[in-house]
Amino acid sequence: MPAPSSLTPAVFVGANPSPGSAAPSPIRDYLSKRGSGRVADNGFAALMLLCACSIFAIVGFIFWILVLRSHLSLVEFGWKFFTRAAWDPVSGDFGALSFIYGTLATSFLALLMAVPLALGVAVFVTELCPRPFRVPISFLTELLAAIPSVVYGLWGVFVLVPLMRDVIGPFLHKTLGWTGLFEGPNFGVGLLTASIILAIMILPIISSLTRDIMLAVPNSQREGVLALGATRWEMIRVGVLRNSRIGIVGAIMLGLGRALGETMAVTMVIGNHPAISKSLFAPGYTLASVIANEFTEATGDLYLSALIEIGLALFLVTIVVNAIARLMVWAVTRGAPVGAA
Amino acid sequence: MSTQPSPMNFQSRTMRFNSLRRTAMNHLVSGLAILATVIVLAPLAAILFYLVYKGASSLNLAFFTQVPAPVGQPGGGMANSIIGSGVILLLASLMGIPVGISAGVYLAEFGRGKALGNAVRFTADVLNGVPSIVMGIAIYSLVVMPQKHFSALAGGIVLGIMMIPTVTRTTEEMLATVPHAVREAALGLGVPKWRTVLSVSLRTASPGIITGCMLAFARVAGETAPLLFTAFGNQFWSFKLNQPIAALPLQIFVYAISPYDEWHRLAWAGSLVLIVMIMVSVTLVRIYASRGVLKGGS
């Protein structure tokens, strides 16, 4: 056994059983002359790694700069910033409670309207729809997601607001006025109108994710339930929805994350008045829209810093909501065929 | 014998009732699902109808060639906004697409199954959900405040950053569909890894990756909120990267909340142009991707 020299080229070539291979082949010759690609390979891998890590850097930088610039307000108001409703730029007294109320109220109302519809669309597309219509209908719902926020806002201002003021608002006041939710003057702009626009905007996200999650349920589940004599709805309920409920909750939370941070369309139809009122007709204000409206005209460091603190709060809340949602969606769709649609 | 039939009869009657109830429930839910789909598609139809109805009549040559007219004067167009949007989006693509594709390559070719890869993937998804207005104030603080004025560059940076997560994730997903045999064939010929990735994996997955880039592009093309504090908008022609620049979505916003009918008309026309640009790119991408080497789902 010539152990130490077993790796030399001579021995290696000699081990080759084919008869005419005593001379090095052109390919091997070429490869040995070209040298190893180790330097280039490592450099390439490092470059790719750098770009991947830039995503961490971006999130880190955003967090750092927001904390840095909101420092003044963080020190001045502390936690009370989020529990007080005062918003008085003249005397420099800032509290975000009315914006938090506006954001939460519109987001949850939007979810209330969007979730049943989105689930209905997802069930229709995956389970009921005749095959030729599947792709066109999913495509059309995804077109809703492609419409820019500002166009929703424009449509809201000139079509939905008059409709709310003259038709839907009076109707709701007459039929559901006893709940106290539809009281007060109805200008068309306000929490309810903003929620409707938000619902339309978050619908495509929830329905397309729910569709993907439902498609990830193996067909054997459906066949098993059908074989027991279930109707189609029982099959959907027991075989599909029950199996994908974690993922559906995740999809709903992703919709919530989008609703919390949605800016332009909401700013254009919510009325922009910092107040906490029970009536859904009342104008409100959200975290995102106060930034959009007042940021460029904020005079004074404390004012600017308070607005940036609102941005910081929005950043942290959406990160947490998105993180939980992603984990839930991943838990269900991991292992699903990529690009199944 | 004659006493037996009554329980059986009863049982079959309950069963028949049950089966009726179940069938009715089945039809009810199917009907509700169809109704939901119709309700969802109604706003889409309404928005598109109004855009065409109100916007098309205001489109003329002046719209594409002139800058906005002062208040009170008729006419004027959005030529500077369209070009401004083009400049900002070009800057954004130059920044976002290479970084996004590289990060996607890392995830698919180097970081598969590693903790770091999972962390990058997760952070990219979370970054995708950060509200655009927060991106806007962050870039305002990072770029505009030190520079002391709004600029096209800041607008490009913010949109570029917003493109990265989408591009990264689609690139990764598309690379994952490239069969391992293709890479092994290249590596087996002695092609170095970097060359394999560039000329084999990326080349094979290119239709899907282009789809991802176009989708990211379409998504940021309509963004308004982050541009409020970065590009800021401009009523005149400007091609300087360190000066405020006009952008189509910003101009639509300014016109939509103005009290002038003439400007409302221009806002509708601008929205029509914006949406046609976005939808054409999304639709082209769909057609292109479905005809490519690998079918790219999105």
# chains A, B, ... in the order shown; residues from 1 in each chain; ligands from 1

$ residues_around --residues "stretch 52-58 of chain B" --least-positions-apart "5" --cutoff "10 Å" --atoms "only C-alpha atoms" --output "number ranges by chain"
B: 47, 63, 75, 77, 262, 264-273

$ residues_around --residues "B:Ile83" --least-positions-apart "6" --cutoff "9 Å" --atoms "only C-alpha atoms" --output "VMD selection string"
chain B and resid 237 239 246 to 248

$ residues_around --residues "A:Gly102" --least-positions-apart "6" --cutoff "8 Å" --atoms "only C-alpha atoms" --output "compact mmCIF listing (two decimals) with C-alpha atoms, in the first residue's frame"
# COMPACT_ATOMS: atom_id res chain seq x y z
CA LEU A 191 -64.31 55.54 11.20
CA ILE A 276 -62.40 59.10 20.88
CA GLY A 284 -61.21 59.83 13.77
CA TYR A 285 -57.47 59.74 13.31
CA THR A 286 -55.02 56.84 13.07
CA LEU A 287 -51.36 56.45 14.02

$ residues_around --residues "stretch 137-148 of chain A" --least-positions-apart "5" --cutoff "10 Å" --atoms "only C-alpha atoms" --output "PyMOL selection string"
(chain A and resi 118+121-122+124-126+129+132+153+200-205+207-208+211+264-265+341) or (chain B and resi 37+40-41+43-45+47-48+215+218-224+249+271+274-276+278-279+282-283+286)

$ select_by_dssp --residues "stretch 17-255 of chain A" --states "helix (DSSP H, G or I)" --output "ChimeraX atom specification"
/A:26-34,38-69,71-82,97-128,131-146,149-179,191-215,219-227,232-241,245-255

$ residues_around --residues "A:Leu160" --least-positions-apart "4" --cutoff "12 Å" --atoms "only C-alpha atoms" --output "ChimeraX atom specification"
/A:152-156,164-169,187-190,192-197,200,265,268-270 /B:43,46-47,50

$ write_last_selection --atoms "N, CA and C atoms" --output "PDB file, in the first residue's frame"
ATOM      1  N   TYR A 152     -57.324  53.944  -4.066  1.00  0.00           N
ATOM      2  CA  TYR A 152     -58.429  53.611  -3.167  1.00  0.00           C
ATOM      3  C   TYR A 152     -58.933  54.866  -2.470  1.00  0.00           C
ATOM      4  N   GLY A 153     -57.984  55.703  -2.039  1.00  0.00           N
ATOM      5  CA  GLY A 153     -58.352  56.928  -1.349  1.00  0.00           C
ATOM      6  C   GLY A 153     -59.169  57.847  -2.248  1.00  0.00           C
ATOM      7  N   LEU A 154     -58.709  57.999  -3.480  1.00  0.00           N
ATOM      8  CA  LEU A 154     -59.408  58.860  -4.444  1.00  0.00           C
ATOM      9  C   LEU A 154     -60.828  58.352  -4.663  1.00  0.00           C
ATOM     10  N   TRP A 155     -60.956  57.049  -4.870  1.00  0.00           N
ATOM     11  CA  TRP A 155     -62.264  56.439  -5.071  1.00  0.00           C
ATOM     12  C   TRP A 155     -63.117  56.616  -3.807  1.00  0.00           C
ATOM     13  N   GLY A 156     -62.476  56.460  -2.665  1.00  0.00           N
ATOM     14  CA  GLY A 156     -63.190  56.637  -1.406  1.00  0.00           C
ATOM     15  C   GLY A 156     -63.743  58.044  -1.267  1.00  0.00           C
ATOM     16  N   MET A 164     -71.877  56.886   1.468  1.00  0.00           N
ATOM     17  CA  MET A 164     -72.065  56.710   2.916  1.00  0.00           C
ATOM     18  C   MET A 164     -72.943  57.825   3.472  1.00  0.00           C
ATOM     19  N   ARG A 165     -72.711  59.045   2.988  1.00  0.00           N
ATOM     20  CA  ARG A 165     -73.407  60.203   3.527  1.00  0.00           C
ATOM     21  C   ARG A 165     -74.890  60.151   3.172  1.00  0.00           C
ATOM     22  N   ASP A 166     -75.190  59.743   1.934  1.00  0.00           N
ATOM     23  CA  ASP A 166     -76.563  59.878   1.456  1.00  0.00           C
ATOM     24  C   ASP A 166     -77.376  58.598   1.521  1.00  0.00           C
ATOM     25  N   VAL A 167     -76.729  57.440   1.445  1.00  0.00           N
ATOM     26  CA  VAL A 167     -77.505  56.203   1.358  1.00  0.00           C
ATOM     27  C   VAL A 167     -77.241  55.283   2.554  1.00  0.00           C
ATOM     28  N   ILE A 168     -76.006  54.803   2.664  1.00  0.00           N
ATOM     29  CA  ILE A 168     -75.724  53.761   3.650  1.00  0.00           C
ATOM     30  C   ILE A 168     -75.839  54.296   5.072  1.00  0.00           C
ATOM     31  N   GLY A 169     -75.295  55.499   5.294  1.00  0.00           N
ATOM     32  CA  GLY A 169     -75.327  56.085   6.632  1.00  0.00           C
ATOM     33  C   GLY A 169     -76.734  56.244   7.178  1.00  0.00           C
ATOM     34  N   PHE A 187     -71.110  62.873   8.153  1.00  0.00           N
ATOM     35  CA  PHE A 187     -70.509  63.640   7.055  1.00  0.00           C
ATOM     36  C   PHE A 187     -70.051  62.749   5.909  1.00  0.00           C
ATOM     37  N   GLY A 188     -70.171  61.444   6.105  1.00  0.00           N
ATOM     38  CA  GLY A 188     -69.651  60.540   5.080  1.00  0.00           C
ATOM     39  C   GLY A 188     -68.238  60.092   5.403  1.00  0.00           C
ATOM     40  N   VAL A 189     -67.398  61.028   5.911  1.00  0.00           N
ATOM     41  CA  VAL A 189     -66.058  60.612   6.323  1.00  0.00           C
ATOM     42  C   VAL A 189     -66.139  60.141   7.775  1.00  0.00           C
ATOM     43  N   GLY A 190     -65.256  59.249   8.165  1.00  0.00           N
ATOM     44  CA  GLY A 190     -65.264  58.796   9.549  1.00  0.00           C
ATOM     45  C   GLY A 190     -64.754  57.380   9.680  1.00  0.00           C
ATOM     46  N   LEU A 192     -66.227  54.482  10.095  1.00  0.00           N
ATOM     47  CA  LEU A 192     -66.858  53.397   9.337  1.00  0.00           C
ATOM     48  C   LEU A 192     -66.379  53.381   7.883  1.00  0.00           C
ATOM     49  N   THR A 193     -66.341  54.570   7.270  1.00  0.00           N
ATOM     50  CA  THR A 193     -65.892  54.647   5.875  1.00  0.00           C
ATOM     51  C   THR A 193     -64.457  54.148   5.756  1.00  0.00           C
ATOM     52  N   ALA A 194     -63.602  54.579   6.695  1.00  0.00           N
ATOM     53  CA  ALA A 194     -62.203  54.135   6.668  1.00  0.00           C
ATOM     54  C   ALA A 194     -62.128  52.622   6.813  1.00  0.00           C
ATOM     55  N   SER A 195     -62.987  52.055   7.683  1.00  0.00           N
ATOM     56  CA  SER A 195     -62.949  50.605   7.877  1.00  0.00           C
ATOM     57  C   SER A 195     -63.351  49.865   6.609  1.00  0.00           C
ATOM     58  N   ILE A 196     -64.353  50.405   5.898  1.00  0.00           N
ATOM     59  CA  ILE A 196     -64.800  49.729   4.670  1.00  0.00           C
ATOM     60  C   ILE A 196     -63.671  49.718   3.640  1.00  0.00           C
ATOM     61  N   ILE A 197     -63.017  50.874   3.470  1.00  0.00           N
ATOM     62  CA  ILE A 197     -61.886  50.931   2.530  1.00  0.00           C
ATOM     63  C   ILE A 197     -60.788  49.952   2.949  1.00  0.00           C
ATOM     64  N   ILE A 200     -61.666  46.363   2.093  1.00  0.00           N
ATOM     65  CA  ILE A 200     -61.443  46.037   0.679  1.00  0.00           C
ATOM     66  C   ILE A 200     -59.951  45.826   0.429  1.00  0.00           C
ATOM     67  N   ALA A 265     -55.084  55.777   1.982  1.00  0.00           N
ATOM     68  CA  ALA A 265     -56.529  55.679   1.776  1.00  0.00           C
ATOM     69  C   ALA A 265     -57.271  56.079   3.055  1.00  0.00           C
ATOM     70  N   MET A 268     -57.319  59.791   3.746  1.00  0.00           N
ATOM     71  CA  MET A 268     -58.191  60.561   2.875  1.00  0.00           C
ATOM     72  C   MET A 268     -59.660  60.463   3.258  1.00  0.00           C
ATOM     73  N   VAL A 269     -60.059  59.409   3.983  1.00  0.00           N
ATOM     74  CA  VAL A 269     -61.494  59.283   4.273  1.00  0.00           C
ATOM     75  C   VAL A 269     -61.853  59.269   5.767  1.00  0.00           C
ATOM     76  N   ILE A 270     -60.880  59.336   6.670  1.00  0.00           N
ATOM     77  CA  ILE A 270     -61.241  59.148   8.081  1.00  0.00           C
ATOM     78  C   ILE A 270     -61.632  60.460   8.766  1.00  0.00           C
TER      79      ILE A 270
ATOM     80  N   PRO B  43     -66.309  45.806  -5.681  1.00  0.00           N
ATOM     81  CA  PRO B  43     -65.494  47.023  -5.568  1.00  0.00           C
ATOM     82  C   PRO B  43     -64.461  47.136  -6.679  1.00  0.00           C
ATOM     83  N   ALA B  46     -66.229  48.429  -9.543  1.00  0.00           N
ATOM     84  CA  ALA B  46     -66.629  49.816  -9.308  1.00  0.00           C
ATOM     85  C   ALA B  46     -65.429  50.747  -9.458  1.00  0.00           C
ATOM     86  N   ILE B  47     -64.288  50.358  -8.888  1.00  0.00           N
ATOM     87  CA  ILE B  47     -63.110  51.221  -8.953  1.00  0.00           C
ATOM     88  C   ILE B  47     -62.632  51.365 -10.394  1.00  0.00           C
ATOM     89  N   TYR B  50     -65.073  53.596 -12.402  1.00  0.00           N
ATOM     90  CA  TYR B  50     -64.952  55.024 -12.136  1.00  0.00           C
ATOM     91  C   TYR B  50     -63.657  55.597 -12.690  1.00  0.00           C
TER      92      TYR B  50
END

$ closest_residue --among "A:Leu198, A:Arg326, A:Val225, A:Ala313" --to "A:Thr106" --atoms "only C-alpha atoms"
A:Leu198

$ residues_around --residues "stretch 97-99 of chain B" --least-positions-apart "2" --cutoff "9 Å" --atoms "only C-alpha atoms" --output "list in words"
Met48, Cys51, Ala52 and Ser54 of chain A; Ala92, Ser93, Leu94, Met95, Ile101, Ser102, Ala103, Gly104, Gly160, Met163, Ile164, Val167, Thr168, Cys213 and Ala216 of chain B

$ write_last_selection --atoms "C-alpha atoms" --output "PDB file, in the first residue's frame"
ATOM      1  CA  MET A  48     -24.339  36.728  -1.209  1.00  0.00           C
ATOM      2  CA  CYS A  51     -26.594  40.941   0.830  1.00  0.00           C
ATOM      3  CA  ALA A  52     -28.648  38.528   2.914  1.00  0.00           C
ATOM      4  CA  SER A  54     -28.230  43.560   4.771  1.00  0.00           C
TER       5      SER A  54
ATOM      6  CA  ALA B  92     -35.141  51.967  -6.464  1.00  0.00           C
ATOM      7  CA  SER B  93     -34.692  49.089  -8.907  1.00  0.00           C
ATOM      8  CA  LEU B  94     -30.943  49.709  -9.179  1.00  0.00           C
ATOM      9  CA  MET B  95     -30.701  49.371  -5.404  1.00  0.00           C
ATOM     10  CA  ILE B 101     -31.638  38.688  -5.881  1.00  0.00           C
ATOM     11  CA  SER B 102     -28.311  38.146  -4.077  1.00  0.00           C
ATOM     12  CA  ALA B 103     -30.067  37.610  -0.767  1.00  0.00           C
ATOM     13  CA  GLY B 104     -32.427  35.168  -2.497  1.00  0.00           C
ATOM     14  CA  GLY B 160     -35.523  50.272  -3.095  1.00  0.00           C
ATOM     15  CA  MET B 163     -38.489  46.061  -2.955  1.00  0.00           C
ATOM     16  CA  ILE B 164     -35.837  43.895  -1.292  1.00  0.00           C
ATOM     17  CA  VAL B 167     -37.478  40.140  -4.652  1.00  0.00           C
ATOM     18  CA  THR B 168     -35.568  38.021  -2.121  1.00  0.00           C
ATOM     19  CA  CYS B 213     -38.935  41.798  -9.682  1.00  0.00           C
ATOM     20  CA  ALA B 216     -42.038  44.230  -6.410  1.00  0.00           C
TER      21      ALA B 216
END

$ atom_distance --atom1 "atom CA of B:Thr65" --atom2 "atom CA of B:Ser81"
10.4 Å

$ closest_residue --among "B:Ile133, B:Ile88, B:Ile82, B:Ala115" --to "chain A" --atoms "only C-alpha atoms"
B:Ile133

$ atom_distance --atom1 "atom CA of A:Ser25" --atom2 "atom CA of B:Glu184"
21.3 Å

$ closest_residue --among "B:Val67, B:Leu90, B:Val120, B:Leu175" --to "chain A" --atoms "only C-alpha atoms"
B:Val120

$ atom_distance --atom1 "atom CA of A:Ser70" --atom2 "atom CA of A:Glu309"
5.0 Å

$ closest_residue --among "A:Ser149, A:Ser277, A:Ser220, A:Thr179" --to "chain B" --atoms "only C-alpha atoms"
A:Ser149

$ closest_residue --among "A:Phe82, A:Phe182, A:Trp64, A:Tyr101" --to "chain B" --atoms "only C-alpha atoms"
A:Trp64
